[in-house]
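Asker: Submitted below is the structure of interest, expressed as C-alpha cells.
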Amino acid sequence: MAEETKTVLPLAKGVVPTGKLHEMRKRALEDPEGFWSEIASELYWKKGWDKVVEGEPPYFKWFVGGKTNLAYNALDRHVKTWRKNKAAIIWEGEPGETRVLTYYQLWKEVNKFANVLRDLGVKKGDRVTIYMPMVPEAAIAMLATVRIGAIHSVVFSGFSAKGLAERINDAQAKVVITADGMYRRGKKLNLKEIVDKALQETPSVESVVVYNRLGLDINMEEGRDYWWNDLMEGAETYAEPEWVESEHPSFILYTSGTTGKPKGIIHDTAGYMVGVYATMKWVFDIKDEDIHWCTADVGWITGHSYVVYGPLLHGATTLMYEGAPDYPKPDRWWSIIEKYGVSIFCTAPTAIRMFMRYGEKWVERHDLSSLRILGSVGEPINPEAWWWYFKHIGKEKCPIVDTWWQTETGHIMISPAPGIELVPLKPGSATFPLPGVDADVVDDNGNPVPPNTRGYLVIKKPWPGMLHGVWGDPERYKRTYWSKFPGWYFTGDYAMKDEDGYFWILGRADDVIKVAGHRLGTMEIESAFVAHPAVAEAAVVGKPHPVKGESIVAFIVLKEGQQPSDELREELRKWIRETIGPVATPDEIHFVTKLPKTRSGKIMRRVLRAVISGKELGDLSTLEDEASVEEVKRAVAQLR
Ligand code: PRX
C-alpha cells in the first residue's frame, strides 16, 4: 500500500490541513487566473483563452476567448501517445460478457458515430437525447455529440415514457439514441417500447438510432428509426472535431427542484472540462495504472463526470457495468473488483448499506487488495456505513473520499483530496472545500454561523464546472440559485462546520429528497398524483429509510365520491411509476380527508415528516385545523 494510506486517522480530532492542500486552497482563491491557467494548460486548446473568468452573478464565463473540444481532449490527445492501445473502457454486461475498448478503438467508434449524427443532420448546438442502458455505446454517443458541437441530454433509463417525453420536448431534441432493450436482474426490458410511446408527443424528433443490445423484435418506424450498426457500417472513419467556444454548452442534464417540472441544467465546455479534469486528479488521485470504477449510471451527473469525461480526460481506464449490483448474487460487485483489479471504486451510501445487510461473507470470498481509494457520492453517508466500507471493503487501508457536489456544480466541490494531501478523515464529513471552491455556511441573513451550528451551504465565488443556466428558463435559474443570497450560489443544502473547520452536509433545506441516491422533487411527485382523476390533493415527504436514505411517503386527499381502498393505493403507485418512472415509486400512501395546512393554505410538510418519523411536532401555532394532524396520525398508525 502507498505511504499516504498510513495517514488515515478516521477519527483524529483537532487536526487541520496545514500542508499542500491548505496552500493550494489559499492560492486558488487569491489568484484564480494563475491557478486555473496552469491546470488548463495540461489540456489541448485550439485557441488559448484571454481571461480565465469573467462576469457577474449569476452569469460567469470561463476561459473566455478560448476554443477547444471535449471529445478531442478525452480521446485524440491520448491516441497520439502510447495510450493508443490502452484500455479506455472495460465493460461487463449483466450476463457476464466482457468488452474492452482501447483508446484507439473508442476514438474510431466516436468518430464514426459523429459522422452518423452529422449525416442525420445534427449541427452545432442541436440537442441529442440519449436514453440508453449502461453499454459503451452510451459513452460513444455522448462523446460523438460533443465532438460535433451538439448538446447531449442523457435521460436515465429508469424514467418513464412521460418523463422522457417531457425532457425531449423541453430540450427540443432532434435525435434520440436508444437501445432495443436492457437487462435488469436477468429480465429483458424493452426500452424501445418506452421510446415509441414517448415519441407520440415529441414533434421535434426527426430520427431515432437504436443500438441492438438484446436482439428483441421491436417496432422500427420507416424513415425515422435506424439501427446503430447499419448506420455505422456506412460511416466515414474520421470526423473533424468542431472547435467550440469555451462557453458553448456541452450538455443539458435534467434534475429535480422544488417546483413540479424538472429543470435542464446547462454545462459549458471549457470550464466543465477543466473542473472535472482537476477534481479527478485531486480526489481520486488518478494514475495511468488505475482501473477506475464509479458505479453511477450515465444518466446522472456522476456518470457524466466520473464514469465518462473525468477518467478519459486523464487517459485512464474506466469500468462500466451494465446490471444490478446484487445479481445474480450479492457478491457481483466484489467479483468485478477482483476480476479486473479495480483500484479506485466509488459508489453511493445506499449501495453500501444494502451490502452491509447481506453481510461480510459475500465480501470475504473475494480478493479486494487491488483497491486503494474508495469514494462515496450523492447522499450523506452515516458513520455506521462509513466504518463498514472502510473496514470490510477497504480493509482499513483505503481512504474514503466522501464527495459533496451536485448536478449543478458539475464536479466535486467538498471532499478529501488524496491526490493533493490526505487530511485526517471524520466519518460522515466531506472534510474541506477543494481548491477554488469558496464554500461557507451562513444563516438567513448571510452571516457565517458559529461552529457546530446548522446553516445554509453557499458558494461565494464562481468555480469552473458551474452551471450556466436552466434550459429555456433564465428566471428560474436566477430565482432558484441566486436570489436567496444575492451574489452567491445557493446550494439548497443545510450544512455545518465543526470546530476544526470540517464541513458536514446535513441534507436538503428545500423540498428535494434523495431516494437511494436519486434526486426527486416532492412537488414533482405531488403534481403527478393530482393528475390522477381520483386525487384532489397530495402531499409528499421523505421518510428516513435504513437502506435507501429516504423513502417516499404520500398523503392523499381523494375527490368527492372516491373511496379509499387497497386497489386504489396500488393503482396510484402504478400511476407514479408510469408518469415519472420506477425511481419515484412511493413506499407508503395514506388516505386522509384533509392535509395539515397553515392558515394561509401552505401544506405543513414539517408536520407530516414529524408524524411519520415519530418525532416532536414542534410549533403548531400556525396550523389551521388540529383535527388534520390527528387524522394523519391515525392514518399512519393504521397502515403500519
Ligand atoms: O443534498 C446533496 C446530496 O445530493 C444533492 C445533489 O444531488 P444530485 O444533483 O443528484 O447530484 C448527486 C451527485 C453529485 C446535494 O444537494 N449530496 C450529494 N453528495 C453528498 C450529498 N449529501 C451528503 N453528502 C454527500 N457527499
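To be explicit about the labels: the chains of the C-alpha cells are called A, B, and onward in the order shown, and within each one the residues are counted from 1, while ligands get numbers from 1 in the order they are shown.
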Using only C-alpha atoms and all ligand atoms, which protein or nucleic acid residues are at most 8 Å from ligand 1, as a ChimeraX atom specification?
Answerer: /A:255-256,300-302,376-381,402-408,411-412,414-415,428-430,491-493,504-508,512-514,517-519
Asker: So that I can check the surroundings of Met523 (chain A), please list as an MDAnalysis selection string every protein, DNA and RNA residue that reaches within 8 Å of it, counting only C-alpha atoms and ignoring chain neighbours fewer than 2 positions away.
Answerer: chainID A and resid 258:260 511 521 525:527 539:540
Asker: Could you save those same residues with N, CA, C and O atoms as a PDB file, in the first residue's frame?
Answerer:
```
ATOM      1  N   THR A 258     -37.590  22.310  -6.574  1.00  0.00           N
ATOM      2  CA  THR A 258     -38.731  22.426  -5.683  1.00  0.00           C
ATOM      3  C   THR A 258     -40.056  22.498  -6.429  1.00  0.00           C
ATOM      4  O   THR A 258     -41.071  22.111  -5.898  1.00  0.00           O
ATOM      5  N   THR A 259     -40.046  22.976  -7.650  1.00  0.00           N
ATOM      6  CA  THR A 259     -41.327  23.041  -8.357  1.00  0.00           C
ATOM      7  C   THR A 259     -41.531  21.786  -9.198  1.00  0.00           C
ATOM      8  O   THR A 259     -40.640  20.962  -9.322  1.00  0.00           O
ATOM      9  N   GLY A 260     -42.726  21.685  -9.797  1.00  0.00           N
ATOM     10  CA  GLY A 260     -43.124  20.463 -10.458  1.00  0.00           C
ATOM     11  C   GLY A 260     -42.252  19.965 -11.590  1.00  0.00           C
ATOM     12  O   GLY A 260     -42.026  18.783 -11.740  1.00  0.00           O
ATOM     13  N   ASP A 511     -37.565  21.244  -0.789  1.00  0.00           N
ATOM     14  CA  ASP A 511     -38.457  20.105  -0.965  1.00  0.00           C
ATOM     15  C   ASP A 511     -37.910  19.053  -1.917  1.00  0.00           C
ATOM     16  O   ASP A 511     -38.644  18.415  -2.662  1.00  0.00           O
ATOM     17  N   GLY A 521     -38.038  15.618  -6.688  1.00  0.00           N
ATOM     18  CA  GLY A 521     -38.714  16.765  -6.103  1.00  0.00           C
ATOM     19  C   GLY A 521     -40.045  16.304  -5.540  1.00  0.00           C
ATOM     20  O   GLY A 521     -40.821  15.658  -6.254  1.00  0.00           O
ATOM     21  N   ILE A 525     -43.629  14.916  -7.607  1.00  0.00           N
ATOM     22  CA  ILE A 525     -44.426  13.711  -7.354  1.00  0.00           C
ATOM     23  C   ILE A 525     -45.868  14.108  -7.016  1.00  0.00           C
ATOM     24  O   ILE A 525     -46.821  13.468  -7.458  1.00  0.00           O
ATOM     25  N   GLU A 526     -46.010  15.204  -6.261  1.00  0.00           N
ATOM     26  CA  GLU A 526     -47.368  15.675  -5.933  1.00  0.00           C
ATOM     27  C   GLU A 526     -48.142  16.034  -7.197  1.00  0.00           C
ATOM     28  O   GLU A 526     -49.312  15.678  -7.335  1.00  0.00           O
ATOM     29  N   SER A 527     -47.475  16.722  -8.133  1.00  0.00           N
ATOM     30  CA  SER A 527     -48.242  17.085  -9.341  1.00  0.00           C
ATOM     31  C   SER A 527     -48.607  15.852 -10.135  1.00  0.00           C
ATOM     32  O   SER A 527     -49.654  15.827 -10.788  1.00  0.00           O
ATOM     33  N   ALA A 539     -49.711  15.418  -0.687  1.00  0.00           N
ATOM     34  CA  ALA A 539     -48.511  15.959  -0.046  1.00  0.00           C
ATOM     35  C   ALA A 539     -47.513  14.814   0.061  1.00  0.00           C
ATOM     36  O   ALA A 539     -47.847  13.727   0.505  1.00  0.00           O
ATOM     37  N   VAL A 540     -46.292  15.073  -0.394  1.00  0.00           N
ATOM     38  CA  VAL A 540     -45.267  14.032  -0.403  1.00  0.00           C
ATOM     39  C   VAL A 540     -44.089  14.473   0.451  1.00  0.00           C
ATOM     40  O   VAL A 540     -43.641  15.622   0.355  1.00  0.00           O
TER      41      VAL A 540
END
```
Asker: When you count only C-alpha atoms, which of these residues is closest to Pro241 (chain A): A:Asn73, A:Ser628, A:Thr295, A:Asn190?
Answerer: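 Nearest to Pro241 (chain A): A:Asn73.
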Asker: Contacts of Lys263 (chain A) at 9 Å or less, counting only C-alpha atoms, minus same-chain residues fewer than 2 places along, as a list in words?
Answerer: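 Answer for this query is Arg167, Asp170, Leu253, Tyr254, Thr255, Ser256, Gly257, Lys261, Ile265, Val470, Trp471, Asp473 and Arg476 of chain A.
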Asker: Could you save the residues just selected, with all heavy atoms, as a short mmCIF file (atom, residue, chain, number, x, y, z; two decimals), in the first residue's frame?
Answerer:
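After the write, part.cif holds the following:
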```cif
data_model
loop_
_atom_site.label_atom_id
_atom_site.label_comp_id
_atom_site.auth_asym_id
_atom_site.auth_seq_id
_atom_site.Cartn_x
_atom_site.Cartn_y
_atom_site.Cartn_z
N ARG A 167 -38.70 15.60 -21.13
CA ARG A 167 -37.31 16.07 -21.28
C ARG A 167 -36.93 16.28 -22.75
O ARG A 167 -36.19 17.20 -23.07
CB ARG A 167 -36.37 15.08 -20.59
CG ARG A 167 -36.47 15.17 -19.06
CD ARG A 167 -35.89 13.95 -18.36
NE ARG A 167 -35.89 14.06 -16.91
CZ ARG A 167 -36.93 13.84 -16.11
NH1 ARG A 167 -38.11 13.50 -16.63
NH2 ARG A 167 -36.85 13.98 -14.81
N ASP A 170 -38.67 19.59 -23.74
CA ASP A 170 -38.06 20.79 -23.15
C ASP A 170 -36.78 21.15 -23.91
O ASP A 170 -36.53 22.30 -24.20
CB ASP A 170 -37.75 20.55 -21.67
CG ASP A 170 -37.32 21.83 -20.99
OD1 ASP A 170 -38.20 22.63 -20.64
OD2 ASP A 170 -36.10 22.07 -20.83
N LEU A 253 -28.50 18.53 -18.43
CA LEU A 253 -28.88 17.37 -17.63
C LEU A 253 -30.04 17.79 -16.74
O LEU A 253 -29.95 18.78 -16.02
CB LEU A 253 -27.67 16.90 -16.81
CG LEU A 253 -27.85 15.57 -16.08
CD1 LEU A 253 -28.26 14.44 -17.01
CD2 LEU A 253 -26.54 15.19 -15.39
N TYR A 254 -31.12 17.02 -16.85
CA TYR A 254 -32.33 17.38 -16.09
C TYR A 254 -32.23 16.91 -14.66
O TYR A 254 -31.76 15.81 -14.38
CB TYR A 254 -33.57 16.79 -16.78
CG TYR A 254 -33.87 17.58 -18.03
CD1 TYR A 254 -33.26 17.26 -19.23
CD2 TYR A 254 -34.67 18.72 -17.96
CE1 TYR A 254 -33.46 18.03 -20.36
CE2 TYR A 254 -34.89 19.50 -19.08
CZ TYR A 254 -34.28 19.15 -20.28
OH TYR A 254 -34.48 19.93 -21.39
N THR A 255 -32.66 17.76 -13.75
CA THR A 255 -32.66 17.39 -12.35
C THR A 255 -33.88 17.98 -11.67
O THR A 255 -34.52 18.89 -12.20
CB THR A 255 -31.34 17.83 -11.66
OG1 THR A 255 -31.30 17.23 -10.36
CG2 THR A 255 -31.23 19.32 -11.51
N SER A 256 -34.20 17.43 -10.50
CA SER A 256 -35.41 17.86 -9.82
C SER A 256 -35.14 19.03 -8.89
O SER A 256 -34.10 19.13 -8.27
CB SER A 256 -35.97 16.71 -8.99
OG SER A 256 -36.30 15.66 -9.84
N GLY A 257 -36.14 19.89 -8.81
CA GLY A 257 -36.04 21.03 -7.90
C GLY A 257 -37.27 21.10 -7.05
O GLY A 257 -37.95 20.10 -6.85
N LYS A 261 -41.72 20.87 -12.38
CA LYS A 261 -41.07 20.47 -13.62
C LYS A 261 -39.56 20.26 -13.42
O LYS A 261 -38.91 21.10 -12.79
CB LYS A 261 -41.28 21.63 -14.61
CG LYS A 261 -41.42 21.26 -16.02
CD LYS A 261 -41.93 22.47 -16.80
CE LYS A 261 -41.22 22.56 -18.08
NZ LYS A 261 -40.31 23.47 -18.49
N ILE A 265 -30.25 21.56 -16.50
CA ILE A 265 -29.06 22.29 -16.07
C ILE A 265 -28.08 22.34 -17.24
O ILE A 265 -27.76 21.30 -17.83
CB ILE A 265 -28.40 21.59 -14.86
CG1 ILE A 265 -29.39 21.49 -13.69
CG2 ILE A 265 -27.11 22.27 -14.44
CD1 ILE A 265 -29.89 22.82 -13.16
N VAL A 470 -30.60 27.49 -16.64
CA VAL A 470 -31.60 26.43 -16.74
C VAL A 470 -32.15 26.55 -18.16
O VAL A 470 -32.54 27.64 -18.58
CB VAL A 470 -32.73 26.63 -15.70
CG1 VAL A 470 -33.89 25.66 -15.95
CG2 VAL A 470 -32.18 26.44 -14.28
N TRP A 471 -32.13 25.46 -18.89
CA TRP A 471 -32.51 25.48 -20.31
C TRP A 471 -33.89 26.13 -20.49
O TRP A 471 -34.87 25.66 -19.92
CB TRP A 471 -32.50 24.06 -20.87
CG TRP A 471 -32.68 24.01 -22.35
CD1 TRP A 471 -33.82 23.72 -23.02
CD2 TRP A 471 -31.68 24.28 -23.33
NE1 TRP A 471 -33.60 23.79 -24.37
CE2 TRP A 471 -32.29 24.13 -24.60
CE3 TRP A 471 -30.32 24.64 -23.28
CZ2 TRP A 471 -31.60 24.32 -25.79
CZ3 TRP A 471 -29.63 24.82 -24.47
CH2 TRP A 471 -30.26 24.67 -25.70
N ASP A 473 -35.18 28.76 -19.33
CA ASP A 473 -35.85 29.40 -18.20
C ASP A 473 -34.87 30.22 -17.33
O ASP A 473 -34.57 29.87 -16.19
CB ASP A 473 -36.53 28.31 -17.35
CG ASP A 473 -37.63 28.88 -16.46
OD1 ASP A 473 -37.68 30.12 -16.29
OD2 ASP A 473 -38.43 28.09 -15.93
N ARG A 476 -35.97 31.12 -13.76
CA ARG A 476 -35.89 30.05 -12.76
C ARG A 476 -34.44 29.89 -12.27
O ARG A 476 -34.20 29.62 -11.09
CB ARG A 476 -36.39 28.73 -13.39
CG ARG A 476 -36.56 27.65 -12.36
CD ARG A 476 -37.33 26.48 -12.93
NE ARG A 476 -37.45 25.42 -11.95
CZ ARG A 476 -37.77 24.17 -12.23
NH1 ARG A 476 -38.01 23.82 -13.47
NH2 ARG A 476 -37.87 23.28 -11.28
#
```
Asker: Could you tell me which of A:Glu94, A:Gly264, A:Asp50, A:Tyr309 comes closest to Leu143 (chain A) if we count only C-alpha atoms?
Answerer: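 Closest to Leu143 (chain A), using only C-alpha atoms: A:Tyr309.
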Asker: Pick out the closest residue to Met320 (chain A) from this set: A:Ile90, A:Met413, A:Val195, A:Leu520. Count only C-alpha atoms.
Answerer: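 Going through A:Ile90, A:Met413, A:Val195, A:Leu520 one by one, the smallest distance to Met320 (chain A) is for A:Ile90.
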Asker: Could you give me, as JSON lines, a per-residue list for region 392-461 of chain A showing, wherever an atom lies at most 8 Å from an atom of region 274-292 of chain A, the closest pair of atoms and their distance in Å to one decimal, using only C-alpha atoms and sorting by chain then residue number from low to high?
Answerer:
```
{"residue": "A:Val401", "atom": "CA", "partner": "A:Val283", "partner_atom": "CA", "distance": 7.0}
{"residue": "A:Gly410", "atom": "CA", "partner": "A:Val276", "partner_atom": "CA", "distance": 7.4}
{"residue": "A:His411", "atom": "CA", "partner": "A:Val276", "partner_atom": "CA", "distance": 5.5}
{"residue": "A:Ile412", "atom": "CA", "partner": "A:Thr279", "partner_atom": "CA", "distance": 6.4}
{"residue": "A:Ser415", "atom": "CA", "partner": "A:Val283", "partner_atom": "CA", "distance": 7.0}
{"residue": "A:Pro416", "atom": "CA", "partner": "A:Val283", "partner_atom": "CA", "distance": 6.4}
{"residue": "A:Ala417", "atom": "CA", "partner": "A:Val283", "partner_atom": "CA", "distance": 4.3}
{"residue": "A:Pro418", "atom": "CA", "partner": "A:Val283", "partner_atom": "CA", "distance": 5.9}
{"residue": "A:Gly419", "atom": "CA", "partner": "A:Asp285", "partner_atom": "CA", "distance": 4.0}
{"residue": "A:Ile420", "atom": "CA", "partner": "A:Trp282", "partner_atom": "CA", "distance": 5.5}
```
Asker: Keeping only all heavy atoms, write those residues as a PDB file, in the first residue's frame.
Answerer:
```pdb
ATOM      1  N   VAL A 401     -13.170   8.852   0.216  1.00  0.00           N
ATOM      2  CA  VAL A 401     -13.424  10.229  -0.169  1.00  0.00           C
ATOM      3  C   VAL A 401     -14.944  10.426  -0.234  1.00  0.00           C
ATOM      4  O   VAL A 401     -15.612   9.878  -1.101  1.00  0.00           O
ATOM      5  CB  VAL A 401     -12.700  10.621  -1.484  1.00  0.00           C
ATOM      6  CG1 VAL A 401     -11.195  10.672  -1.255  1.00  0.00           C
ATOM      7  CG2 VAL A 401     -12.978   9.667  -2.641  1.00  0.00           C
ATOM      8  N   GLY A 410     -21.359  20.408 -11.399  1.00  0.00           N
ATOM      9  CA  GLY A 410     -20.594  19.783 -12.482  1.00  0.00           C
ATOM     10  C   GLY A 410     -19.525  18.814 -12.012  1.00  0.00           C
ATOM     11  O   GLY A 410     -19.279  17.801 -12.646  1.00  0.00           O
ATOM     12  N   HIS A 411     -18.859  19.179 -10.925  1.00  0.00           N
ATOM     13  CA  HIS A 411     -17.793  18.315 -10.406  1.00  0.00           C
ATOM     14  C   HIS A 411     -17.767  18.409  -8.889  1.00  0.00           C
ATOM     15  O   HIS A 411     -18.457  19.235  -8.290  1.00  0.00           O
ATOM     16  CB  HIS A 411     -16.434  18.698 -11.003  1.00  0.00           C
ATOM     17  CG  HIS A 411     -16.112  20.156 -10.887  1.00  0.00           C
ATOM     18  ND1 HIS A 411     -15.771  20.767  -9.681  1.00  0.00           N
ATOM     19  CD2 HIS A 411     -16.085  21.138 -11.815  1.00  0.00           C
ATOM     20  CE1 HIS A 411     -15.543  22.047  -9.904  1.00  0.00           C
ATOM     21  NE2 HIS A 411     -15.748  22.305 -11.180  1.00  0.00           N
ATOM     22  N   ILE A 412     -16.928  17.572  -8.294  1.00  0.00           N
ATOM     23  CA  ILE A 412     -16.840  17.501  -6.830  1.00  0.00           C
ATOM     24  C   ILE A 412     -16.375  18.851  -6.272  1.00  0.00           C
ATOM     25  O   ILE A 412     -15.502  19.509  -6.838  1.00  0.00           O
ATOM     26  CB  ILE A 412     -15.884  16.367  -6.418  1.00  0.00           C
ATOM     27  CG1 ILE A 412     -16.427  15.033  -6.958  1.00  0.00           C
ATOM     28  CG2 ILE A 412     -15.694  16.314  -4.900  1.00  0.00           C
ATOM     29  CD1 ILE A 412     -15.459  13.867  -6.844  1.00  0.00           C
ATOM     30  N   SER A 415     -14.548  17.643  -0.516  1.00  0.00           N
ATOM     31  CA  SER A 415     -14.138  16.233  -0.442  1.00  0.00           C
ATOM     32  C   SER A 415     -12.692  16.142   0.037  1.00  0.00           C
ATOM     33  O   SER A 415     -11.908  17.064  -0.188  1.00  0.00           O
ATOM     34  CB  SER A 415     -14.223  15.613  -1.841  1.00  0.00           C
ATOM     35  OG  SER A 415     -13.602  14.358  -1.875  1.00  0.00           O
ATOM     36  N   PRO A 416     -12.353  15.010   0.655  1.00  0.00           N
ATOM     37  CA  PRO A 416     -10.923  14.770   0.870  1.00  0.00           C
ATOM     38  C   PRO A 416     -10.229  14.729  -0.493  1.00  0.00           C
ATOM     39  O   PRO A 416     -10.854  14.394  -1.498  1.00  0.00           O
ATOM     40  CB  PRO A 416     -10.890  13.390   1.527  1.00  0.00           C
ATOM     41  CG  PRO A 416     -12.261  13.198   2.107  1.00  0.00           C
ATOM     42  CD  PRO A 416     -13.196  13.932   1.186  1.00  0.00           C
ATOM     43  N   ALA A 417      -8.943  15.060  -0.509  1.00  0.00           N
ATOM     44  CA  ALA A 417      -8.227  15.127  -1.784  1.00  0.00           C
ATOM     45  C   ALA A 417      -6.898  14.400  -1.682  1.00  0.00           C
ATOM     46  O   ALA A 417      -5.837  15.030  -1.642  1.00  0.00           O
ATOM     47  CB  ALA A 417      -8.026  16.585  -2.194  1.00  0.00           C
ATOM     48  N   PRO A 418      -6.935  13.061  -1.649  1.00  0.00           N
ATOM     49  CA  PRO A 418      -5.673  12.332  -1.518  1.00  0.00           C
ATOM     50  C   PRO A 418      -4.699  12.597  -2.656  1.00  0.00           C
ATOM     51  O   PRO A 418      -3.500  12.388  -2.488  1.00  0.00           O
ATOM     52  CB  PRO A 418      -6.095  10.858  -1.485  1.00  0.00           C
ATOM     53  CG  PRO A 418      -7.522  10.798  -1.844  1.00  0.00           C
ATOM     54  CD  PRO A 418      -8.101  12.162  -1.654  1.00  0.00           C
ATOM     55  N   GLY A 419      -5.202  13.092  -3.790  1.00  0.00           N
ATOM     56  CA  GLY A 419      -4.294  13.429  -4.890  1.00  0.00           C
ATOM     57  C   GLY A 419      -3.488  14.689  -4.603  1.00  0.00           C
ATOM     58  O   GLY A 419      -2.536  14.995  -5.312  1.00  0.00           O
ATOM     59  N   ILE A 420      -3.868  15.429  -3.563  1.00  0.00           N
ATOM     60  CA  ILE A 420      -3.085  16.604  -3.156  1.00  0.00           C
ATOM     61  C   ILE A 420      -2.435  16.284  -1.812  1.00  0.00           C
ATOM     62  O   ILE A 420      -1.232  16.197  -1.675  1.00  0.00           O
ATOM     63  CB  ILE A 420      -3.986  17.854  -3.010  1.00  0.00           C
ATOM     64  CG1 ILE A 420      -4.727  18.162  -4.304  1.00  0.00           C
ATOM     65  CG2 ILE A 420      -3.143  19.050  -2.572  1.00  0.00           C
ATOM     66  CD1 ILE A 420      -5.775  19.265  -4.194  1.00  0.00           C
TER      67      ILE A 420
END
```
Asker: Can you pull out the residues contacting Glu364 (chain A)? Cut-off 12 Å, using only C-alpha atoms, and skip same-chain residues under 6 positions away; I want them as a count of residues only.
Answerer: 11
Asker: Any chance you could list, as a PyMOL selection string, the residues in region 51-196 of chain A that come up alpha helix (DSSP H) when DSSP is run on the backbone?
Answerer: chain A and resi 70-71+77-79+103-119+136-147+161-171+191-196
Asker: Using backbone DSSP assignments, extract all strand (DSSP E or B) residues from region 116-292 of chain A; output them as an MDAnalysis selection string.
Answerer: chainID A and resid 127:131 151:154 175:179 181:184 187:190 207:211 225:227 244:245 251:255 263:267 291:292
